[in-house]
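S.K.: My questions all concern the structure below.
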Amino acid sequence: MKIGVISDTHGFFHPKVPEVFSGVEKIIHAGDLGGIEVYEKLVRIAPVILVRGNHEPELIPGSLADPSVIAIEGRKILLTHRLITMTWEYFKDALSHLDPLPFFPEFDLVIFGHAHYPVWDQAQGIYFLNPGYSGPDPLEGPPTAAILQITQATISAEIIRLA
């Protein structure tokens, strides 16, 4: 299954999103949507799975609590907005010294946002994906999103610059 993954839109719908997400079967938004207008534009592209972030001005019907567990193609996925507030490198190093099962029991993939920095990596046998920031502030760095491919046999992702 081909899935578009986006996060931290903060009320801004980047004009390249429809092109980048062309052909996706689902969209996952990892929080801080910023309003119903962005959601309405995303659902015109594909069905949306949305986890609530820490800066949501309104409750979007059907949005999931943070964190939530979802399954796609038989894969167990933790969907959360606020996984880390530190750098990915620091988190990954800390995780390498721990048994991940108490924190991420049998997850194949963790999708998160909040850090405004894209991540596609694997640690302790678990894939981690943060599509990065795609909001309106150019000082946050280049806007990004991700294309995620999930099958029963494989998980792969690509971070895509929107600008």
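Identifiers for the structure tokens are assigned positionally: chains receive A, B, ... in sequence, residues are indexed from 1 per chain, and ligands are indexed from 1 in the order shown.
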Would you list the contacts of range 61-65 of chain A as an MDAnalysis selection string, taking every protein, DNA or RNA residue within 6 Å and counting only C-alpha atoms, but skipping same-chain residues closer than 3 positions in sequence?
M.R.: chainID A and resid 50:52 68
S.K.: Mind checking which residues fall within 12 Å of His114 in chain A, counting only C-alpha atoms, ignoring those fewer than 4 positions away in the same chain, and posting them as JSON, numbers by chain?
M.R.: {"A": [6, 7, 8, 9, 10, 29, 30, 31, 32, 33, 51, 52, 53, 54, 55, 66, 79, 80, 81, 82, 83, 84, 85, 86, 87, 88, 118, 119, 129, 130, 131, 132, 133, 134, 135, 140]}
S.K.: So that I have them on file, write out the residues from the current selection with N, CA and C atoms, as an mmCIF file, in the first residue's frame.
M.R.:
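Output file part-v7.cif follows:
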data_model
loop_
_atom_site.group_PDB
_atom_site.id
_atom_site.type_symbol
_atom_site.label_atom_id
_atom_site.label_comp_id
_atom_site.auth_asym_id
_atom_site.auth_seq_id
_atom_site.Cartn_x
_atom_site.Cartn_y
_atom_site.Cartn_z
ATOM 1 N N ILE A 6 2.390 13.016 6.403
ATOM 2 C CA ILE A 6 2.649 14.442 6.576
ATOM 3 C C ILE A 6 2.438 14.787 8.039
ATOM 4 N N SER A 7 3.044 15.874 8.481
ATOM 5 C CA SER A 7 2.893 16.288 9.870
ATOM 6 C C SER A 7 3.137 17.779 9.993
ATOM 7 N N ASP A 8 2.701 18.319 11.109
ATOM 8 C CA ASP A 8 3.013 19.698 11.477
ATOM 9 C C ASP A 8 2.721 20.679 10.353
ATOM 10 N N THR A 9 1.511 20.589 9.820
ATOM 11 C CA THR A 9 1.082 21.525 8.783
ATOM 12 C C THR A 9 0.704 22.880 9.380
ATOM 13 N N HIS A 10 0.308 22.900 10.626
ATOM 14 C CA HIS A 10 0.002 24.145 11.344
ATOM 15 C C HIS A 10 -0.921 25.068 10.550
ATOM 16 N N HIS A 29 -1.591 11.696 8.878
ATOM 17 C CA HIS A 29 -1.127 12.992 9.383
ATOM 18 C C HIS A 29 -0.732 12.789 10.837
ATOM 19 N N ALA A 30 0.534 13.098 11.162
ATOM 20 C CA ALA A 30 1.079 12.826 12.490
ATOM 21 C C ALA A 30 0.951 14.015 13.445
ATOM 22 N N GLY A 31 -0.115 14.782 13.322
ATOM 23 C CA GLY A 31 -0.438 15.788 14.323
ATOM 24 C C GLY A 31 -0.046 17.210 13.995
ATOM 25 N N ASP A 32 -0.658 18.127 14.726
ATOM 26 C CA ASP A 32 -0.570 19.568 14.503
ATOM 27 C C ASP A 32 -1.067 19.935 13.105
ATOM 28 N N LEU A 33 -2.243 19.428 12.801
ATOM 29 C CA LEU A 33 -2.918 19.719 11.544
ATOM 30 C C LEU A 33 -3.153 21.223 11.399
ATOM 31 N N VAL A 51 -3.763 11.726 13.817
ATOM 32 C CA VAL A 51 -3.585 11.720 15.267
ATOM 33 C C VAL A 51 -3.531 13.180 15.724
ATOM 34 N N ARG A 52 -4.127 13.445 16.874
ATOM 35 C CA ARG A 52 -4.147 14.815 17.390
ATOM 36 C C ARG A 52 -2.763 15.234 17.870
ATOM 37 N N GLY A 53 -2.398 16.471 17.558
ATOM 38 C CA GLY A 53 -1.146 17.040 18.023
ATOM 39 C C GLY A 53 -1.352 17.888 19.263
ATOM 40 N N ASN A 54 -0.325 18.609 19.645
ATOM 41 C CA ASN A 54 -0.408 19.446 20.837
ATOM 42 C C ASN A 54 -0.865 20.877 20.536
ATOM 43 N N HIS A 55 -1.059 21.215 19.263
ATOM 44 C CA HIS A 55 -1.545 22.541 18.884
ATOM 45 C C HIS A 55 -2.701 22.406 17.900
ATOM 46 N N ASP A 66 -3.623 10.759 20.948
ATOM 47 C CA ASP A 66 -2.162 10.617 20.892
ATOM 48 C C ASP A 66 -1.701 9.944 22.180
ATOM 49 N N LEU A 79 1.177 5.349 16.103
ATOM 50 C CA LEU A 79 1.015 6.678 15.522
ATOM 51 C C LEU A 79 0.928 7.672 16.675
ATOM 52 N N THR A 80 1.890 8.595 16.718
ATOM 53 C CA THR A 80 1.952 9.555 17.807
ATOM 54 C C THR A 80 2.453 10.889 17.279
ATOM 55 N N HIS A 81 2.102 11.945 17.962
ATOM 56 C CA HIS A 81 2.652 13.245 17.584
ATOM 57 C C HIS A 81 3.958 13.496 18.331
ATOM 58 N N ARG A 82 3.934 13.331 19.642
ATOM 59 C CA ARG A 82 5.076 13.714 20.474
ATOM 60 C C ARG A 82 5.879 12.512 20.948
ATOM 61 N N LEU A 83 6.660 11.937 20.078
ATOM 62 C CA LEU A 83 7.535 10.838 20.490
ATOM 63 C C LEU A 83 8.771 11.371 21.187
ATOM 64 N N ILE A 84 9.403 12.371 20.583
ATOM 65 C CA ILE A 84 10.655 12.887 21.130
ATOM 66 C C ILE A 84 10.665 14.411 21.081
ATOM 67 N N THR A 85 11.415 14.985 22.003
ATOM 68 C CA THR A 85 11.664 16.419 21.976
ATOM 69 C C THR A 85 13.167 16.679 21.895
ATOM 70 N N MET A 86 13.923 15.632 21.644
ATOM 71 C CA MET A 86 15.376 15.726 21.520
ATOM 72 C C MET A 86 15.752 15.403 20.077
ATOM 73 N N THR A 87 17.018 15.436 19.776
ATOM 74 C CA THR A 87 17.426 15.082 18.412
ATOM 75 C C THR A 87 17.219 13.595 18.188
ATOM 76 N N TRP A 88 17.015 13.237 16.939
ATOM 77 C CA TRP A 88 16.856 11.828 16.601
ATOM 78 C C TRP A 88 18.103 11.039 16.988
ATOM 79 N N PRO A 118 12.740 15.721 9.585
ATOM 80 C CA PRO A 118 12.417 14.418 8.993
ATOM 81 C C PRO A 118 13.363 13.312 9.437
ATOM 82 N N VAL A 119 12.772 12.138 9.653
ATOM 83 C CA VAL A 119 13.538 10.956 10.052
ATOM 84 C C VAL A 119 12.987 9.754 9.303
ATOM 85 N N LEU A 129 9.538 6.819 11.441
ATOM 86 C CA LEU A 129 9.306 7.784 10.372
ATOM 87 C C LEU A 129 8.707 9.067 10.944
ATOM 88 N N ASN A 130 9.400 10.161 10.718
ATOM 89 C CA ASN A 130 8.861 11.495 10.959
ATOM 90 C C ASN A 130 8.938 12.197 9.608
ATOM 91 N N PRO A 131 7.796 12.577 9.021
ATOM 92 C CA PRO A 131 7.844 13.199 7.696
ATOM 93 C C PRO A 131 8.392 14.619 7.712
ATOM 94 N N GLY A 132 8.620 15.180 8.897
ATOM 95 C CA GLY A 132 9.165 16.526 9.012
ATOM 96 C C GLY A 132 8.073 17.575 9.067
ATOM 97 N N TYR A 133 8.490 18.799 8.942
ATOM 98 C CA TYR A 133 7.605 19.967 9.060
ATOM 99 C C TYR A 133 7.122 20.376 7.676
ATOM 100 N N SER A 134 5.825 20.593 7.538
ATOM 101 C CA SER A 134 5.316 21.080 6.248
ATOM 102 C C SER A 134 4.427 22.301 6.441
ATOM 103 N N GLY A 135 4.701 23.035 7.491
ATOM 104 C CA GLY A 135 3.914 24.214 7.815
ATOM 105 C C GLY A 135 4.389 25.478 7.113
ATOM 106 N N GLU A 140 11.744 27.185 9.670
ATOM 107 C CA GLU A 140 11.793 25.806 10.164
ATOM 108 C C GLU A 140 12.594 24.889 9.238
#
S.K.: Find the residues around range 14-28 of chain A up to 7 Å (only C-alpha atoms counted), leave out those fewer than 3 positions away in its own chain, and share them as a short mmCIF file (atom, residue, chain, number, x, y, z; two decimals) with N, CA and C atoms, in the first residue's frame.
M.R.:
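Output (result-v2.cif):
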data_model
loop_
_atom_site.label_atom_id
_atom_site.label_comp_id
_atom_site.auth_asym_id
_atom_site.auth_seq_id
_atom_site.Cartn_x
_atom_site.Cartn_y
_atom_site.Cartn_z
N MET A 1 0.84 -1.18 0.00
CA MET A 1 0.00 0.00 0.00
C MET A 1 0.89 1.24 0.00
N LYS A 2 0.54 2.19 -0.82
CA LYS A 2 1.26 3.46 -0.91
C LYS A 2 0.52 4.49 -0.07
N ILE A 3 1.26 5.11 0.88
CA ILE A 3 0.67 6.02 1.85
C ILE A 3 1.45 7.33 1.86
N GLY A 4 0.73 8.44 1.82
CA GLY A 4 1.36 9.75 2.03
C GLY A 4 1.39 10.04 3.51
N VAL A 5 2.53 10.52 4.00
CA VAL A 5 2.66 10.83 5.43
C VAL A 5 3.09 12.29 5.56
N ILE A 6 2.39 13.02 6.40
CA ILE A 6 2.65 14.44 6.58
C ILE A 6 2.44 14.79 8.04
N ILE A 45 -7.71 14.03 -1.63
CA ILE A 45 -6.65 13.22 -2.25
C ILE A 45 -6.85 11.75 -1.92
N ALA A 46 -7.05 11.44 -0.62
CA ALA A 46 -7.21 10.05 -0.16
C ALA A 46 -7.77 10.07 1.25
N PRO A 47 -8.29 8.94 1.74
CA PRO A 47 -8.75 8.87 3.13
C PRO A 47 -7.61 9.20 4.09
N VAL A 48 -7.94 9.90 5.18
CA VAL A 48 -6.92 10.40 6.11
C VAL A 48 -7.06 9.73 7.47
N ILE A 49 -5.92 9.30 8.01
CA ILE A 49 -5.81 8.87 9.40
C ILE A 49 -5.04 9.99 10.09
N LEU A 50 -5.64 10.55 11.13
CA LEU A 50 -5.08 11.73 11.79
C LEU A 50 -4.96 11.51 13.28
N SER A 134 5.82 20.59 7.54
CA SER A 134 5.32 21.08 6.25
C SER A 134 4.43 22.30 6.44
N LEU A 162 9.18 19.45 -0.32
CA LEU A 162 8.04 20.04 -0.99
C LEU A 162 8.40 21.35 -1.70
#
S.K.: Could you please determine the separation between CA of Leu42 in chain A and CA of Trp120 in chain A in Å, to one decimal place?
M.R.: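 Rounded to one decimal, the two atoms are 22.3 Å apart.
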S.K.: With a distance cut-off of 6 Å and only C-alpha atoms, select the neighbouring residues of Ile126 in chain A, excluding the residue or stretch itself and same-chain residues fewer than 3 positions from it, and output the selection as a list in words.
M.R.: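 Near Ile126 in chain A, the qualifying residues are Asp108, Leu109, Gln122 and Ala123 of chain A.
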S.K.: Selected residues, N, CA and C atoms, written as a CSV table (one decimal), in the first residue's frame, please.
M.R.:
chain,number,residue,atom,x,y,z
A,108,ASP,N,6.0,-2.7,14.3
A,108,ASP,CA,6.9,-2.7,13.1
A,108,ASP,C,7.4,-1.3,12.7
A,109,LEU,N,6.5,-0.3,13.1
A,109,LEU,CA,6.8,1.0,12.6
A,109,LEU,C,6.2,2.0,13.6
A,122,GLN,N,15.9,3.0,11.2
A,122,GLN,CA,15.6,1.8,11.9
A,122,GLN,C,16.4,1.7,13.2
A,123,ALA,N,15.8,1.3,14.3
A,123,ALA,CA,16.5,1.1,15.5
A,123,ALA,C,15.9,0.0,16.3
S.K.: Enumerate as a VMD selection string all residues of range 5-62 of chain A assigned to strand (DSSP E) by DSSP on the backbone, naming them with the chain letters and numbers the document uses.
M.R.: chain A and resid 5 to 6 26 to 29 48 to 50
S.K.: Give me the residues within 8 Å of Ile160 in chain A as a PyMOL selection string, counting only C-alpha atoms and dropping any in the same chain fewer than 3 places off.
M.R.: chain A and resi 20+144-147
S.K.: Quote the spacing between CA of Ile77 in chain A and CA of Gly125 in chain A in Å to one decimal place.
M.R.: 13.2 Å
S.K.: Provide the CA of Phe107 in chain A to CA of Arg75 in chain A distance in Å, to one decimal place.
M.R.: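 These atoms are spaced 7.7 Å apart.
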S.K.: So which one's closest to Ile159 in chain A, A:Gly11, A:Tyr39, A:Pro142, A:Lys92? Using only C-alpha atoms, please.
M.R.: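 Going through A:Gly11, A:Tyr39, A:Pro142, A:Lys92 one by one, the smallest distance to Ile159 in chain A is for A:Pro142.
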S.K.: From the set A:Ala115, A:Ile60, A:Ala71, A:Ala153, which residue has the shortest atom-to-atom contact distance to Glu40 in chain A, counting only C-alpha atoms?
M.R.: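 Selected residue with least distance to Glu40 in chain A: A:Ile60.
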S.K.: As a VMD selection string, please: every residue in range 44-153 of chain A that a backbone DSSP assignment puts in helix (DSSP H, G or I).
M.R.: chain A and resid 88 to 96 138 to 140
S.K.: Any chance you can output those residues with C-alpha atoms as a short mmCIF file (atom, residue, chain, number, x, y, z; two decimals), in the first residue's frame?
M.R.:
data_model
loop_
_atom_site.label_atom_id
_atom_site.label_comp_id
_atom_site.auth_asym_id
_atom_site.auth_seq_id
_atom_site.Cartn_x
_atom_site.Cartn_y
_atom_site.Cartn_z
CA TRP A 88 16.86 11.83 16.60
CA GLU A 89 20.52 10.86 17.04
CA TYR A 90 20.28 11.25 20.83
CA PHE A 91 17.05 9.28 20.98
CA LYS A 92 18.41 6.50 18.76
CA ASP A 93 21.55 6.23 20.89
CA ALA A 94 19.50 6.07 24.08
CA LEU A 95 17.26 3.41 22.55
CA SER A 96 20.30 1.32 21.62
CA PRO A 138 10.31 29.07 6.24
CA LEU A 139 12.63 29.42 9.25
CA GLU A 140 11.79 25.81 10.16
#
S.K.: Tell me which of A:Lys41, A:Ala157, A:Val69, A:Ile36 sits closest to Phe13 in chain A, counting only C-alpha atoms.
M.R.: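 Counting only C-alpha atoms, the residue closest to Phe13 in chain A is A:Lys41.
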